[in-house]
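Encoded as structure tokens, the structure appears first; notes follow it.
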Amino acid sequence: MVAQPKRIIEDAVVRKDARAKDKLLDKAFALAFNGLVYAQIWEDPVVDMEGLAIQPDNRIMCIASGSCNALSYLTANPAQVTAVDLNRAHVALGQLKITAIRHLPNYERFHRFFGHADHGENKAVYKEMIAPHLDAESRRYWEKRDIKGRRRISYFTKGIYRRGLLGNFIGLAHLFAKLYKVDLNKLLEAETLEEQRAVFERELAPVFDKRFVRWLTDQPASLFGLGIPPAQFDELAGDERMAEVLRRRLEKLACDFEVKDNYFAWQAFGRGYDRKSDAPLPPYLQRANWEAMRERIDRLDVVRANMVEWIGAREEASLDRFVLLDAQDWMNNAQLDGLWSRITRAARPGARVLFRTAAEPTMLPGRLDDAILSKWRYLEDKSADLTARDRSSIYGGVHLYELV
């Protein structure tokens, strides 16, 4: 018998040795995480691909999430990409994108569907050009009605990037901005980094000193919308108030990269991608990569599975690159040992593992069994460089390991 979706995610999230109060929070997060969380993944695929140094014979395993990264890795011309996820909504989104690339007639249709994602005609495009080729499970997901009675595919006629757990969180943040009379459009209209910083210091930074905001951000449940489980909350906060941590991460997003080059800033402050012809977009959505995506899309699989179990079922020395996102922040030491023992067995010579952490340091020293960790070399300088250039800005660290 196949486990129910909620139970599968609970098994991965709920800490078995936690106090009753913490277990309750874990279960609440698992319930929230059961639906669509990320319409767009929040890890920068450009720095990922640089760190991974993808070669033509490489076989890549990654966590699917919104599938933006898995798709974008195809632009580096690997042999195979497998995106694994426990969340059925994320798998359905990945399958929808794959099917659209295969069957939509041109880039314009594809970009309108996933770039703008709010055109009324997308409903007919789905029905006539995508649905007949979509697998049954994904089609059931998109054609089923949500709690408000809307078919989920209608999200692409009203703005998919305003949906899901993260989209709702960003929408709530925009509501708070209005209450505090903050005009987020000023950031998107800034023409230089200096102007961006001026807007941030004048408009956004003072909000994090508000008593209510400081209290609210101290509640673990308040960050469920960012996909941060209770187990990750303390790691993210460290010895600081959460408001200080969030202010610093938002400062990096708002001030360290020009908004004309950063689609993460547009998602955060504009709730969608810029509409200009030269707008920043994920690699898979860029016009210049359309033909490559069409040519290589059959190299990508999106599967619903437990990541650790999936890696454990691979043949020895069969994979070259592993992208774990921030999944390890959810794990205890025994789970880390289980994951990395499987990765080490499945890794080919020269394999690389890339992951992110809520806190700045890599969490493996002192937690992962030394017998396993000694087989891997931490690329410290490269990791620091990738962290500094990660345009998504919400993580403390990007970390890169290579098989010795």
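In the structure tokens, the first chain shown is A, the next is B, and so on; residue numbers restart at 1 for each chain, and ligands run from 1 in the order shown.
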Enumerate, in order of chain and increasing residue number, the residues of segment 41-105 of chain A with an atom no farther than 12 Å from segment 121-132 of chain A, each with its shortest atom pair and distance in Å to one decimal, counting only C-alpha atoms, as CSV.
residue,atom,partner,partner_atom,distance
A:Ala92,CA,A:Ala131,CA,11.9
A:Gln95,CA,A:Ile130,CA,10.3
A:Leu96,CA,A:Ile130,CA,7.6
A:Lys97,CA,A:Ile130,CA,9.3
A:Ile98,CA,A:Ile130,CA,9.7
A:Thr99,CA,A:Ile130,CA,6.3
A:Ala100,CA,A:Ile130,CA,5.8
A:Ile101,CA,A:Ile130,CA,9.3
A:Arg102,CA,A:Ile130,CA,8.9
A:His103,CA,A:Met129,CA,6.5
A:Leu104,CA,A:Met129,CA,6.4
A:Pro105,CA,A:Met129,CA,8.7
Resulting file, chosen residues, all heavy atoms, as a CSV table (one decimal), in the first residue's frame:
chain,number,residue,atom,x,y,z
A,92,ALA,N,4.0,17.4,-9.7
A,92,ALA,CA,3.0,17.8,-10.8
A,92,ALA,C,3.4,19.0,-11.5
A,92,ALA,O,3.2,19.1,-12.7
A,92,ALA,CB,1.6,18.0,-10.2
A,95,GLN,N,6.3,18.0,-13.9
A,95,GLN,CA,5.7,17.3,-15.1
A,95,GLN,C,5.0,18.2,-16.0
A,95,GLN,O,5.0,18.1,-17.2
A,95,GLN,CB,4.8,16.2,-14.6
A,95,GLN,CG,5.5,15.1,-13.8
A,95,GLN,CD,6.4,14.2,-14.7
A,95,GLN,OE1,6.5,14.4,-15.9
A,95,GLN,NE2,7.0,13.2,-14.0
A,96,LEU,N,4.3,19.2,-15.4
A,96,LEU,CA,3.6,20.2,-16.3
A,96,LEU,C,4.6,21.0,-17.1
A,96,LEU,O,4.4,21.2,-18.3
A,96,LEU,CB,2.8,21.2,-15.4
A,96,LEU,CG,1.9,22.2,-16.1
A,96,LEU,CD1,0.7,21.5,-16.7
A,96,LEU,CD2,1.5,23.3,-15.2
A,97,LYS,N,5.7,21.4,-16.6
A,97,LYS,CA,6.7,22.1,-17.3
A,97,LYS,C,7.4,21.3,-18.4
A,97,LYS,O,7.6,21.7,-19.5
A,97,LYS,CB,7.8,22.7,-16.3
A,97,LYS,CG,7.3,23.8,-15.4
A,97,LYS,CD,8.4,24.3,-14.4
A,97,LYS,CE,7.8,25.4,-13.6
A,97,LYS,NZ,8.8,25.9,-12.6
A,98,ILE,N,7.7,20.0,-18.0
A,98,ILE,CA,8.3,19.1,-19.0
A,98,ILE,C,7.4,18.9,-20.2
A,98,ILE,O,7.8,19.0,-21.3
A,98,ILE,CB,8.6,17.8,-18.3
A,98,ILE,CG1,9.8,17.9,-17.3
A,98,ILE,CG2,8.9,16.7,-19.4
A,98,ILE,CD1,10.0,16.7,-16.5
A,99,THR,N,6.1,18.6,-19.9
A,99,THR,CA,5.1,18.4,-21.0
A,99,THR,C,4.9,19.6,-21.8
A,99,THR,O,4.8,19.5,-23.1
A,99,THR,CB,3.8,17.9,-20.4
A,99,THR,OG1,4.0,16.8,-19.5
A,99,THR,CG2,2.8,17.6,-21.5
A,100,ALA,N,5.0,20.8,-21.2
A,100,ALA,CA,4.8,22.0,-22.0
A,100,ALA,C,6.0,22.3,-22.9
A,100,ALA,O,5.8,22.7,-24.1
A,100,ALA,CB,4.7,23.2,-21.0
A,101,ILE,N,7.2,22.0,-22.4
A,101,ILE,CA,8.4,22.2,-23.3
A,101,ILE,C,8.3,21.2,-24.5
A,101,ILE,O,8.6,21.6,-25.6
A,101,ILE,CB,9.6,21.9,-22.5
A,101,ILE,CG1,9.8,23.1,-21.5
A,101,ILE,CG2,10.9,21.8,-23.4
A,101,ILE,CD1,11.0,22.9,-20.5
A,102,ARG,N,7.8,20.0,-24.3
A,102,ARG,CA,7.7,19.0,-25.3
A,102,ARG,C,6.7,19.4,-26.4
A,102,ARG,O,6.9,19.1,-27.6
A,102,ARG,CB,7.4,17.6,-24.7
A,102,ARG,CG,8.6,16.9,-24.1
A,102,ARG,CD,8.1,15.6,-23.5
A,102,ARG,NE,9.2,14.9,-22.9
A,102,ARG,CZ,9.1,14.0,-21.9
A,102,ARG,NH1,7.9,13.8,-21.4
A,102,ARG,NH2,10.1,13.4,-21.4
A,103,HIS,N,5.6,20.0,-25.9
A,103,HIS,CA,4.4,20.0,-26.8
A,103,HIS,C,3.9,21.4,-27.2
A,103,HIS,O,3.1,21.5,-28.1
A,103,HIS,CB,3.2,19.2,-26.2
A,103,HIS,CG,3.6,17.7,-26.1
A,103,HIS,ND1,3.6,16.9,-27.1
A,103,HIS,CD2,3.9,17.0,-25.0
A,103,HIS,CE1,3.9,15.7,-26.7
A,103,HIS,NE2,4.1,15.7,-25.4
A,104,LEU,N,4.3,22.5,-26.5
A,104,LEU,CA,3.9,23.8,-26.9
A,104,LEU,C,4.7,24.1,-28.2
A,104,LEU,O,5.8,23.8,-28.4
A,104,LEU,CB,4.2,24.8,-25.8
A,104,LEU,CG,3.3,24.7,-24.6
A,104,LEU,CD1,3.5,25.9,-23.6
A,104,LEU,CD2,1.8,24.6,-25.0
A,105,PRO,N,4.1,24.9,-29.1
A,105,PRO,CA,4.6,25.1,-30.4
A,105,PRO,C,5.8,26.0,-30.5
A,105,PRO,O,6.6,25.9,-31.5
A,105,PRO,CB,3.4,25.6,-31.3
A,105,PRO,CG,2.6,26.3,-30.2
A,105,PRO,CD,2.7,25.5,-29.0
With DSSP run on the backbone, what are the strand (DSSP E or B) residues within segment 237-362 of chain A? I'd like them as a list of chain:residue names.
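Selection result, strand (DSSP E or B) within segment 237-362 of chain A: A:Leu300, A:Asp301, A:Val302, A:Val303, A:Arg304, A:Leu319, A:Asp320, A:Arg321, A:Phe322, A:Val323, A:Ala347, A:Arg348, A:Pro349, A:Gly350, A:Ala351, A:Arg352, A:Val353, A:Leu354, A:Phe355, A:Arg356, A:Thr357.
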One decimal, in Å: what's the spacing between atom CA of Asn185 of chain A and atom CA of Ala265 of chain A?
10.9 Å
All helix (DSSP H, G or I) positions in segment 29-223 of chain A, as a ChimeraX atom specification:
/A:29-32,45-52,68-76,88-103,107-116,122-133,136-143,152-158,160-162,164-179,185-189,193-209,211-217,220-223
Just the residues within 10 Å of Asp234 of chain A, please, counting only C-alpha atoms, with nothing from its chain fewer than 4 positions along; format it as a list in words.
Asp218, Pro220, Pro229, Pro230, Gly238, Asp239, Glu240, Met242, Ala358 and Ala359 of chain A
Find the residues around Gly272 of chain A up to 12 Å (only C-alpha atoms counted), leave out those fewer than 3 positions away in its own chain, and share them as a PyMOL selection string.
chain A and resi 39-40+114-118+156+158-163+167+170-171+188+262-269+275+279-281
Would you please work out which residue, of A:Ala76, A:Val213, A:Trp290, A:Glu194, is nearest to Glu50 of chain A when using only C-alpha atoms?
A:Ala76
Neighbour list for Leu379 of chain A as JSON, numbers by chain, cut-off 9 Å, only C-alpha atoms, skip fewer than 4 positions in-chain
{"A": [383, 384, 399, 400, 401, 402]}
Spatial neighbours of Asp57 of chain A, 12 Å, only C-alpha atoms, chain gap at least 4 places, as a ChimeraX atom specification:
/A:53,76-81,299,318-321,348,351
Can you write out the residues you just picked, keeping N, CA, C and O atoms, as a PDB file, in the first residue's frame?
ATOM      1  N   ALA A  53      30.092  22.426 -11.795  1.00  0.00           N
ATOM      2  CA  ALA A  53      30.984  22.196 -12.942  1.00  0.00           C
ATOM      3  C   ALA A  53      30.501  20.994 -13.752  1.00  0.00           C
ATOM      4  O   ALA A  53      31.218  20.007 -13.964  1.00  0.00           O
ATOM      5  N   ALA A  76      23.349  23.227 -19.141  1.00  0.00           N
ATOM      6  CA  ALA A  76      24.766  22.870 -19.022  1.00  0.00           C
ATOM      7  C   ALA A  76      25.078  21.562 -19.741  1.00  0.00           C
ATOM      8  O   ALA A  76      26.222  21.102 -19.716  1.00  0.00           O
ATOM      9  N   ASN A  77      24.072  20.944 -20.364  1.00  0.00           N
ATOM     10  CA  ASN A  77      24.243  19.770 -21.228  1.00  0.00           C
ATOM     11  C   ASN A  77      24.727  18.513 -20.506  1.00  0.00           C
ATOM     12  O   ASN A  77      25.633  17.824 -20.972  1.00  0.00           O
ATOM     13  N   PRO A  78      24.116  18.150 -19.360  1.00  0.00           N
ATOM     14  CA  PRO A  78      24.476  16.892 -18.715  1.00  0.00           C
ATOM     15  C   PRO A  78      23.835  15.705 -19.425  1.00  0.00           C
ATOM     16  O   PRO A  78      22.963  15.879 -20.278  1.00  0.00           O
ATOM     17  N   ALA A  79      24.244  14.505 -19.038  1.00  0.00           N
ATOM     18  CA  ALA A  79      23.665  13.309 -19.644  1.00  0.00           C
ATOM     19  C   ALA A  79      22.263  13.021 -19.110  1.00  0.00           C
ATOM     20  O   ALA A  79      21.389  12.583 -19.851  1.00  0.00           O
ATOM     21  N   GLN A  80      22.045  13.290 -17.797  1.00  0.00           N
ATOM     22  CA  GLN A  80      20.769  12.953 -17.179  1.00  0.00           C
ATOM     23  C   GLN A  80      20.566  13.784 -15.923  1.00  0.00           C
ATOM     24  O   GLN A  80      21.514  14.039 -15.177  1.00  0.00           O
ATOM     25  N   VAL A  81      19.325  14.222 -15.685  1.00  0.00           N
ATOM     26  CA  VAL A  81      18.951  14.893 -14.443  1.00  0.00           C
ATOM     27  C   VAL A  81      17.720  14.189 -13.888  1.00  0.00           C
ATOM     28  O   VAL A  81      16.744  13.973 -14.611  1.00  0.00           O
ATOM     29  N   ARG A 299      16.026  14.246 -21.140  1.00  0.00           N
ATOM     30  CA  ARG A 299      17.051  13.834 -20.176  1.00  0.00           C
ATOM     31  C   ARG A 299      16.627  14.107 -18.737  1.00  0.00           C
ATOM     32  O   ARG A 299      17.352  13.746 -17.809  1.00  0.00           O
ATOM     33  N   SER A 318      27.312   5.509  -9.634  1.00  0.00           N
ATOM     34  CA  SER A 318      26.451   5.749 -10.803  1.00  0.00           C
ATOM     35  C   SER A 318      26.025   7.201 -10.968  1.00  0.00           C
ATOM     36  O   SER A 318      25.423   7.549 -11.988  1.00  0.00           O
ATOM     37  N   LEU A 319      26.343   8.056  -9.984  1.00  0.00           N
ATOM     38  CA  LEU A 319      25.905   9.448 -10.040  1.00  0.00           C
ATOM     39  C   LEU A 319      27.098  10.390  -9.851  1.00  0.00           C
ATOM     40  O   LEU A 319      28.053  10.067  -9.144  1.00  0.00           O
ATOM     41  N   ASP A 320      27.003  11.579 -10.471  1.00  0.00           N
ATOM     42  CA  ASP A 320      28.127  12.524 -10.449  1.00  0.00           C
ATOM     43  C   ASP A 320      27.853  13.790  -9.654  1.00  0.00           C
ATOM     44  O   ASP A 320      28.796  14.414  -9.146  1.00  0.00           O
ATOM     45  N   ARG A 321      26.626  14.216  -9.577  1.00  0.00           N
ATOM     46  CA  ARG A 321      26.311  15.468  -8.912  1.00  0.00           C
ATOM     47  C   ARG A 321      25.047  15.291  -8.070  1.00  0.00           C
ATOM     48  O   ARG A 321      24.077  14.677  -8.512  1.00  0.00           O
ATOM     49  N   ARG A 348      30.296   8.630  -8.215  1.00  0.00           N
ATOM     50  CA  ARG A 348      31.418   8.288  -9.087  1.00  0.00           C
ATOM     51  C   ARG A 348      32.632   9.133  -8.709  1.00  0.00           C
ATOM     52  O   ARG A 348      32.499  10.158  -8.042  1.00  0.00           O
ATOM     53  N   ALA A 351      32.828  13.121  -7.934  1.00  0.00           N
ATOM     54  CA  ALA A 351      31.454  13.588  -7.680  1.00  0.00           C
ATOM     55  C   ALA A 351      31.450  14.819  -6.792  1.00  0.00           C
ATOM     56  O   ALA A 351      32.351  15.028  -5.969  1.00  0.00           O
TER      57      ALA A 351
END
